[in-house]
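S.K.: PDB, C-alpha atoms, pLDDT in the B column, saved as query05.pdb, coming up:
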```
ATOM      1  CA  MET A   1     298.490  20.245 109.883  1.00 81.00           C
ATOM      2  CA  PRO A   2     298.679  17.474 112.398  1.00 93.00           C
ATOM      3  CA  ASN A   3     300.399  14.132 112.173  1.00 97.00           C
ATOM      4  CA  ILE A   4     298.213  11.642 114.009  1.00 98.00           C
ATOM      5  CA  LEU A   5     299.457   8.189 114.980  1.00 98.00           C
ATOM      6  CA  VAL A   6     296.647   5.766 115.771  1.00 98.00           C
ATOM      7  CA  LYS A   7     297.095   2.416 117.478  1.00 97.00           C
ATOM      8  CA  ILE A   8     294.283  -0.117 117.624  1.00 96.00           C
ATOM      9  CA  PRO A   9     294.082  -3.798 118.572  1.00 94.00           C
ATOM     10  CA  ALA A  10     294.753  -6.052 115.587  1.00 94.00           C
ATOM     11  CA  ASN A  11     291.798  -7.921 114.104  1.00 91.00           C
ATOM     12  CA  THR A  12     289.307  -5.539 115.715  1.00 92.00           C
ATOM     13  CA  PHE A  13     288.686  -3.017 112.922  1.00 91.00           C
ATOM     14  CA  ASP A  14     288.438  -4.382 109.355  1.00 84.00           C
ATOM     15  CA  GLY A  15     289.775  -2.571 106.289  1.00 78.00           C
ATOM     16  CA  ASP A  16     286.618  -0.506 105.792  1.00 88.00           C
ATOM     17  CA  ALA A  17     286.690   0.451 109.472  1.00 91.00           C
ATOM     18  CA  HIS A  18     290.321   1.592 109.085  1.00 92.00           C
ATOM     19  CA  ALA A  19     289.298   3.926 106.275  1.00 93.00           C
ATOM     20  CA  THR A  20     286.282   5.192 108.221  1.00 93.00           C
ATOM     21  CA  LEU A  21     288.449   5.779 111.275  1.00 95.00           C
ATOM     22  CA  ALA A  22     291.063   7.687 109.275  1.00 95.00           C
ATOM     23  CA  ARG A  23     288.379   9.868 107.631  1.00 95.00           C
ATOM     24  CA  ARG A  24     286.651  10.652 110.927  1.00 96.00           C
ATOM     25  CA  ILE A  25     289.905  11.483 112.691  1.00 97.00           C
ATOM     26  CA  THR A  26     290.930  13.691 109.768  1.00 97.00           C
ATOM     27  CA  GLU A  27     287.584  15.487 110.025  1.00 97.00           C
ATOM     28  CA  ALA A  28     288.000  15.921 113.795  1.00 97.00           C
ATOM     29  CA  ALA A  29     291.444  17.450 113.248  1.00 97.00           C
ATOM     30  CA  ALA A  30     290.197  19.727 110.474  1.00 97.00           C
ATOM     31  CA  GLN A  31     287.364  21.020 112.641  1.00 97.00           C
ATOM     32  CA  ALA A  32     289.630  21.576 115.649  1.00 97.00           C
ATOM     33  CA  GLU A  33     292.288  23.332 113.577  1.00 97.00           C
ATOM     34  CA  GLN A  34     289.753  25.221 111.442  1.00 97.00           C
ATOM     35  CA  ILE A  35     291.058  23.825 108.162  1.00 97.00           C
ATOM     36  CA  PRO A  36     288.630  24.577 105.299  1.00 96.00           C
ATOM     37  CA  ASP A  37     286.778  21.838 103.443  1.00 95.00           C
ATOM     38  CA  ASP A  38     289.274  21.820 100.583  1.00 96.00           C
ATOM     39  CA  PRO A  39     291.040  18.562  99.658  1.00 94.00           C
ATOM     40  CA  ARG A  40     294.379  20.360  99.153  1.00 95.00           C
ATOM     41  CA  ARG A  41     294.192  21.841 102.663  1.00 96.00           C
ATOM     42  CA  ARG A  42     292.879  18.637 104.261  1.00 94.00           C
ATOM     43  CA  ALA A  43     295.842  16.778 102.723  1.00 95.00           C
ATOM     44  CA  THR A  44     298.020  18.507 105.330  1.00 95.00           C
ATOM     45  CA  THR A  45     296.485  16.176 107.935  1.00 96.00           C
ATOM     46  CA  TRP A  46     298.300  12.849 108.074  1.00 97.00           C
ATOM     47  CA  VAL A  47     296.798   9.852 109.868  1.00 97.00           C
ATOM     48  CA  THR A  48     298.650   6.567 110.311  1.00 97.00           C
ATOM     49  CA  VAL A  49     296.669   3.583 111.608  1.00 95.00           C
ATOM     50  CA  GLU A  50     298.697   0.786 113.153  1.00 96.00           C
ATOM     51  CA  ASP A  51     297.314  -2.584 114.226  1.00 95.00           C
ATOM     52  CA  VAL A  52     298.939  -3.736 117.463  1.00 95.00           C
ATOM     53  CA  PRO A  53     298.750  -7.429 118.406  1.00 92.00           C
ATOM     54  CA  ALA A  54     296.098  -7.916 121.098  1.00 82.00           C
ATOM     55  CA  ALA A  55     298.690  -9.617 123.314  1.00 84.00           C
ATOM     56  CA  SER A  56     300.639  -6.322 123.347  1.00 90.00           C
ATOM     57  CA  TRP A  57     297.847  -4.313 125.011  1.00 88.00           C
ATOM     58  CA  TRP A  58     298.076  -4.037 128.773  1.00 88.00           C
ATOM     59  CA  CYS A  59     295.865  -1.832 130.917  1.00 87.00           C
ATOM     60  CA  GLY A  60     296.748  -1.697 134.585  1.00 88.00           C
ATOM     61  CA  GLY A  61     299.091  -4.640 134.078  1.00 90.00           C
ATOM     62  CA  ALA A  62     296.291  -6.883 132.798  1.00 89.00           C
ATOM     63  CA  ASP A  63     295.057  -8.015 129.404  1.00 88.00           C
ATOM     64  CA  VAL A  64     291.607  -6.442 129.219  1.00 87.00           C
ATOM     65  CA  THR A  65     291.036  -6.832 125.485  1.00 89.00           C
ATOM     66  CA  THR A  66     288.289  -9.411 126.027  1.00 88.00           C
ATOM     67  CA  GLN A  67     286.293  -6.719 127.864  1.00 91.00           C
ATOM     68  CA  VAL A  68     287.264  -3.430 126.175  1.00 94.00           C
ATOM     69  CA  VAL A  69     288.799  -2.144 122.956  1.00 95.00           C
ATOM     70  CA  PRO A  70     291.767   0.071 123.909  1.00 95.00           C
ATOM     71  CA  CYS A  71     292.524   2.722 121.271  1.00 97.00           C
ATOM     72  CA  MET A  72     295.264   5.329 121.233  1.00 97.00           C
ATOM     73  CA  ALA A  73     295.807   8.479 119.184  1.00 98.00           C
ATOM     74  CA  ILE A  74     298.917  10.631 119.414  1.00 98.00           C
ATOM     75  CA  ALA A  75     298.541  13.922 117.578  1.00 98.00           C
ATOM     76  CA  HIS A  76     301.449  16.242 116.859  1.00 98.00           C
ATOM     77  CA  VAL A  77     300.288  19.763 116.031  1.00 98.00           C
ATOM     78  CA  PRO A  78     302.113  23.044 115.458  1.00 97.00           C
ATOM     79  CA  ALA A  79     302.211  25.030 118.696  1.00 97.00           C
ATOM     80  CA  GLY A  80     299.687  27.860 118.700  1.00 97.00           C
ATOM     81  CA  VAL A  81     297.044  26.216 116.509  1.00 98.00           C
ATOM     82  CA  LEU A  82     294.739  24.715 119.148  1.00 98.00           C
ATOM     83  CA  ASP A  83     293.180  26.527 122.086  1.00 97.00           C
ATOM     84  CA  ALA A  84     291.599  24.729 125.062  1.00 98.00           C
ATOM     85  CA  ASP A  85     288.146  24.470 123.455  1.00 98.00           C
ATOM     86  CA  ALA A  86     289.583  23.069 120.212  1.00 97.00           C
ATOM     87  CA  ARG A  87     291.609  20.503 122.176  1.00 98.00           C
ATOM     88  CA  ALA A  88     288.534  19.342 124.091  1.00 98.00           C
ATOM     89  CA  ARG A  89     286.478  19.112 120.897  1.00 97.00           C
ATOM     90  CA  PHE A  90     289.234  17.138 119.149  1.00 98.00           C
ATOM     91  CA  VAL A  91     289.580  14.640 122.009  1.00 98.00           C
ATOM     92  CA  GLN A  92     285.799  14.086 122.122  1.00 98.00           C
ATOM     93  CA  GLN A  93     285.503  13.667 118.360  1.00 98.00           C
ATOM     94  CA  VAL A  94     288.427  11.237 118.190  1.00 98.00           C
ATOM     95  CA  HIS A  95     286.826   9.122 120.921  1.00 98.00           C
ATOM     96  CA  GLU A  96     283.574   9.155 118.946  1.00 97.00           C
ATOM     97  CA  ALA A  97     285.451   8.208 115.749  1.00 97.00           C
ATOM     98  CA  PHE A  98     286.837   5.084 117.425  1.00 97.00           C
ATOM     99  CA  ALA A  99     283.431   4.139 118.851  1.00 96.00           C
ATOM    100  CA  GLN A 100     281.625   4.690 115.533  1.00 94.00           C
ATOM    101  CA  ALA A 101     284.202   2.746 113.506  1.00 94.00           C
ATOM    102  CA  LEU A 102     283.993  -0.333 115.738  1.00 93.00           C
ATOM    103  CA  PRO A 103     282.059  -3.052 113.902  1.00 91.00           C
ATOM    104  CA  ALA A 104     278.477  -3.315 115.205  1.00 90.00           C
ATOM    105  CA  ALA A 105     278.955  -6.995 116.075  1.00 92.00           C
ATOM    106  CA  ASP A 106     281.647  -6.110 118.625  1.00 92.00           C
ATOM    107  CA  ALA A 107     279.890  -5.466 121.946  1.00 93.00           C
ATOM    108  CA  ARG A 108     283.010  -4.393 123.847  1.00 95.00           C
ATOM    109  CA  ARG A 109     283.308  -0.846 125.148  1.00 95.00           C
ATOM    110  CA  VAL A 110     285.833   1.436 123.428  1.00 96.00           C
ATOM    111  CA  VAL A 111     288.335   3.094 125.773  1.00 96.00           C
ATOM    112  CA  THR A 112     290.614   5.777 124.397  1.00 97.00           C
ATOM    113  CA  SER A 113     293.772   7.638 125.184  1.00 97.00           C
ATOM    114  CA  VAL A 114     294.286  10.761 123.074  1.00 98.00           C
ATOM    115  CA  MET A 115     297.472  12.791 123.492  1.00 98.00           C
ATOM    116  CA  LEU A 116     298.069  16.192 121.949  1.00 98.00           C
ATOM    117  CA  HIS A 117     301.673  17.251 121.545  1.00 98.00           C
ATOM    118  CA  ASP A 118     302.480  20.812 120.527  1.00 98.00           C
ATOM    119  CA  VAL A 119     305.542  20.980 118.307  1.00 98.00           C
ATOM    120  CA  PRO A 120     307.466  24.153 119.196  1.00 98.00           C
ATOM    121  CA  ASP A 121     307.587  26.799 116.493  1.00 96.00           C
ATOM    122  CA  GLY A 122     310.492  26.337 114.107  1.00 95.00           C
ATOM    123  CA  THR A 123     311.157  22.704 115.070  1.00 97.00           C
ATOM    124  CA  TRP A 124     308.952  20.941 112.477  1.00 97.00           C
ATOM    125  CA  GLY A 125     310.620  20.059 109.197  1.00 97.00           C
ATOM    126  CA  VAL A 126     308.541  19.910 106.018  1.00 96.00           C
ATOM    127  CA  ASN A 127     310.106  18.810 102.733  1.00 96.00           C
ATOM    128  CA  GLY A 128     313.604  19.665 103.937  1.00 97.00           C
ATOM    129  CA  ALA A 129     312.802  23.066 105.482  1.00 97.00           C
ATOM    130  CA  LEU A 130     311.924  24.176 109.013  1.00 97.00           C
ATOM    131  CA  TRP A 131     308.459  25.701 109.160  1.00 97.00           C
ATOM    132  CA  THR A 132     307.012  28.269 111.527  1.00 97.00           C
ATOM    133  CA  LEU A 133     303.381  28.941 112.378  1.00 97.00           C
ATOM    134  CA  PRO A 134     302.833  31.333 109.425  1.00 97.00           C
ATOM    135  CA  ASP A 135     304.031  28.580 107.049  1.00 96.00           C
ATOM    136  CA  PHE A 136     301.501  26.152 108.510  1.00 96.00           C
ATOM    137  CA  ALA A 137     298.753  28.801 108.422  1.00 97.00           C
ATOM    138  CA  ARG A 138     299.506  29.416 104.745  1.00 96.00           C
ATOM    139  CA  ALA A 139     299.501  25.708 103.825  1.00 96.00           C
ATOM    140  CA  ALA A 140     296.517  24.544 105.886  1.00 97.00           C
ATOM    141  CA  ARG A 141     294.574  27.840 105.693  1.00 96.00           C
ATOM    142  CA  TYR A 142     293.642  27.800 109.382  1.00 97.00           C
ATOM    143  CA  ALA A 143     290.660  30.174 109.473  1.00 96.00           C
ATOM    144  CA  HIS A 144     291.633  31.680 112.831  1.00 97.00           C
ATOM    145  CA  LEU A 145     295.302  32.238 111.925  1.00 97.00           C
ATOM    146  CA  GLN A 146     295.121  33.869 108.499  1.00 96.00           C
ATOM    147  CA  HIS A 147     296.319  37.132 110.049  1.00 96.00           C
ATOM    148  CA  LEU A 148     299.763  35.464 110.265  1.00 96.00           C
ATOM    149  CA  VAL A 149     299.970  34.976 106.505  1.00 95.00           C
ATOM    150  CA  ALA A 150     301.767  37.846 104.783  1.00 74.00           C
TER     151      ALA A 150
END
```
As a first step, turn the structure in this file into structure tokens.
M.R.:
Amino acid sequence: MPNILVKIPANTFDGDAHATLARRITEAAAQAEQIPDDPRRRATTWVTVEDVPAASWWCGGADVTTQVVPCMAIAHVPAGVLDADARARFVQQVHEAFAQALPAADARRVVTSVMLHDVPDGTWGVNGALWTLPDFARAARYAHLQHLVA
């Protein structure tokens, strides 16, 4: 049940590419978190795509957007859901999602920064209530955490 904030350079990905990017990132999260292929369970994954003006991107103090496409994803996940292998798989798949969504006519190289933030148990509010890991396991149906569901 991650919340994933995506930032991309404006005017780089068209509307169809936004949708493709959101779908691929959702799929990457679902695979990493072991969420079943069920639309109700996948709906627990939220992706927000934000276009950032190209003039706002600085890498090493320089505007490099003529050479590369900088992309950022910040994922907030309940603590205890992802192990090291799942984290590595998620980061790789998110990078691939950015690269695959880039229009074919754009020859620039995609560079990514993907950050995973664990939200401590009992500090994530959902619909006015604080949730713990068993609540998330129940809602998202994480395959590897069903033992937590009473």
S.K.: Using the chain letters and numbers from the file, which residues does the PyMOL selection byres ((chain A and resi 116) around 9) grab, as a ChimeraX atom specification?
M.R.: /A:73-77,87,91,114-115,117-118
S.K.: How would the residues just picked look written out with C-alpha atoms as a PDB file, keeping the file's coordinate frame?
M.R.:
```pdb
ATOM      1  CA  ALA A  73     295.807   8.479 119.184  1.00 98.00           C
ATOM      2  CA  ILE A  74     298.917  10.631 119.414  1.00 98.00           C
ATOM      3  CA  ALA A  75     298.541  13.922 117.578  1.00 98.00           C
ATOM      4  CA  HIS A  76     301.449  16.242 116.859  1.00 98.00           C
ATOM      5  CA  VAL A  77     300.288  19.763 116.031  1.00 98.00           C
ATOM      6  CA  ARG A  87     291.609  20.503 122.176  1.00 98.00           C
ATOM      7  CA  VAL A  91     289.580  14.640 122.009  1.00 98.00           C
ATOM      8  CA  VAL A 114     294.286  10.761 123.074  1.00 98.00           C
ATOM      9  CA  MET A 115     297.472  12.791 123.492  1.00 98.00           C
ATOM     10  CA  HIS A 117     301.673  17.251 121.545  1.00 98.00           C
ATOM     11  CA  ASP A 118     302.480  20.812 120.527  1.00 98.00           C
TER      12      ASP A 118
END
```
S.K.: Which polymer residues, protein or nucleic acid, are no farther than 12 Å from (304.9, 39.9, 104.8), counting only C-alpha atoms, as a list in words?
M.R.: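 So the residues meeting the distance criterion are Pro134, Asp135, Arg138, His147, Leu148, Val149 and Ala150 of chain A.
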S.K.: What gap, in Å, lies between atom CA of A:Leu133 and atom CA of A:Thr26?
M.R.: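 Interatomic distance here is 19.9 Å.
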S.K.: Using only C-alpha atoms for the distances, tell me which of A:Ala32, A:Gln67, A:Val119, A:Val52 is nearest to A:Trp131.
M.R.: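 Smallest distance to A:Trp131 is found for A:Val119.
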S.K.: Decode the PyMOL selection byres ((chain A and resi 53-63) around 6) for the given file into explicit residues and return them as a JSON list (two decimals) with C-alpha atoms, keeping the file's coordinate frame.
M.R.:
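To be explicit, this is the file written out as part.json:
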```json
[["chain", "number", "residue", "atom", "x", "y", "z"],
["A", 9, "PRO", "CA", 294.08, -3.80, 118.57],
["A", 10, "ALA", "CA", 294.75, -6.05, 115.59],
["A", 52, "VAL", "CA", 298.94, -3.74, 117.46],
["A", 64, "VAL", "CA", 291.61, -6.44, 129.22],
["A", 65, "THR", "CA", 291.04, -6.83, 125.48]]
```
S.K.: Do you know which residues the PyMOL selection byres ((chain A and resi 28-31) around 7) returns on this file, as a list in words?
M.R.: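 On this input, the PyMOL selection byres ((chain A and resi 28-31) around 7) captures Arg24, Ile25, Thr26, Glu27, Ala32, Glu33, Gln34, Ile35, Arg42, Phe90, Gln93 and Val94 of chain A.
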S.K.: Draw an axis-aligned box over all listed atoms of stretch 22-35 of chain A, pad each side with 3 Å, and write its centre and edge lengths in Å, one decimal, as JSON.
M.R.:
```
{"center_x": 289.5, "center_y": 16.5, "center_z": 111.6, "size_x": 11.6, "size_y": 23.5, "size_z": 14.0}
```
S.K.: To one decimal place in Å, what is the distance between atom CA of A:Pro2 and atom CA of A:Leu82?
M.R.: 10.7 Å
S.K.: Just how far from atom CA of A:Asp38 is atom CA of A:Phe13, in Å to one decimal?
M.R.: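 Computed distance, atom CA of A:Phe13 to atom CA of A:Asp38, equals 27.7 Å.
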S.K.: Would you kindly return, as a PyMOL selection string, each protein, DNA or RNA residue with an atom no farther than 12 Å from any atom of A:Phe98, considering all atoms listed in the file and excluding same-chain residues fewer than 4 positions away?
M.R.: chain A and resi 6-9+12-13+17-25+28+49+69-73+91-94+102-103+109-114
S.K.: Counting only C-alpha atoms, which of A:Val81, A:Ala139, A:Asp16, A:Pro120 gets nearest to A:Pro36?
M.R.: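 The closest residue to A:Pro36 is A:Ala139.
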S.K.: In terms of the shortest atom-to-atom distance over all atoms listed in the file, which of A:Gly15, A:Arg141, A:Thr48, A:Gly80 is closest to A:Asp121?
M.R.: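 Residue with the minimum atom-to-atom distance to A:Asp121: A:Gly80.
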S.K.: Using only C-alpha atoms, which of A:Gly122, A:Ala140, A:Thr132, A:Val68 sits nearest A:Ala99?
M.R.: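 So, comparing all the options, the nearest one is A:Val68.
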S.K.: Restricting the calculation to all atoms listed in the file, which member of A:Ala104, A:Ala143, A:Asp51, A:Asn11 is positioned closest to A:Asp37?
M.R.: A:Ala143
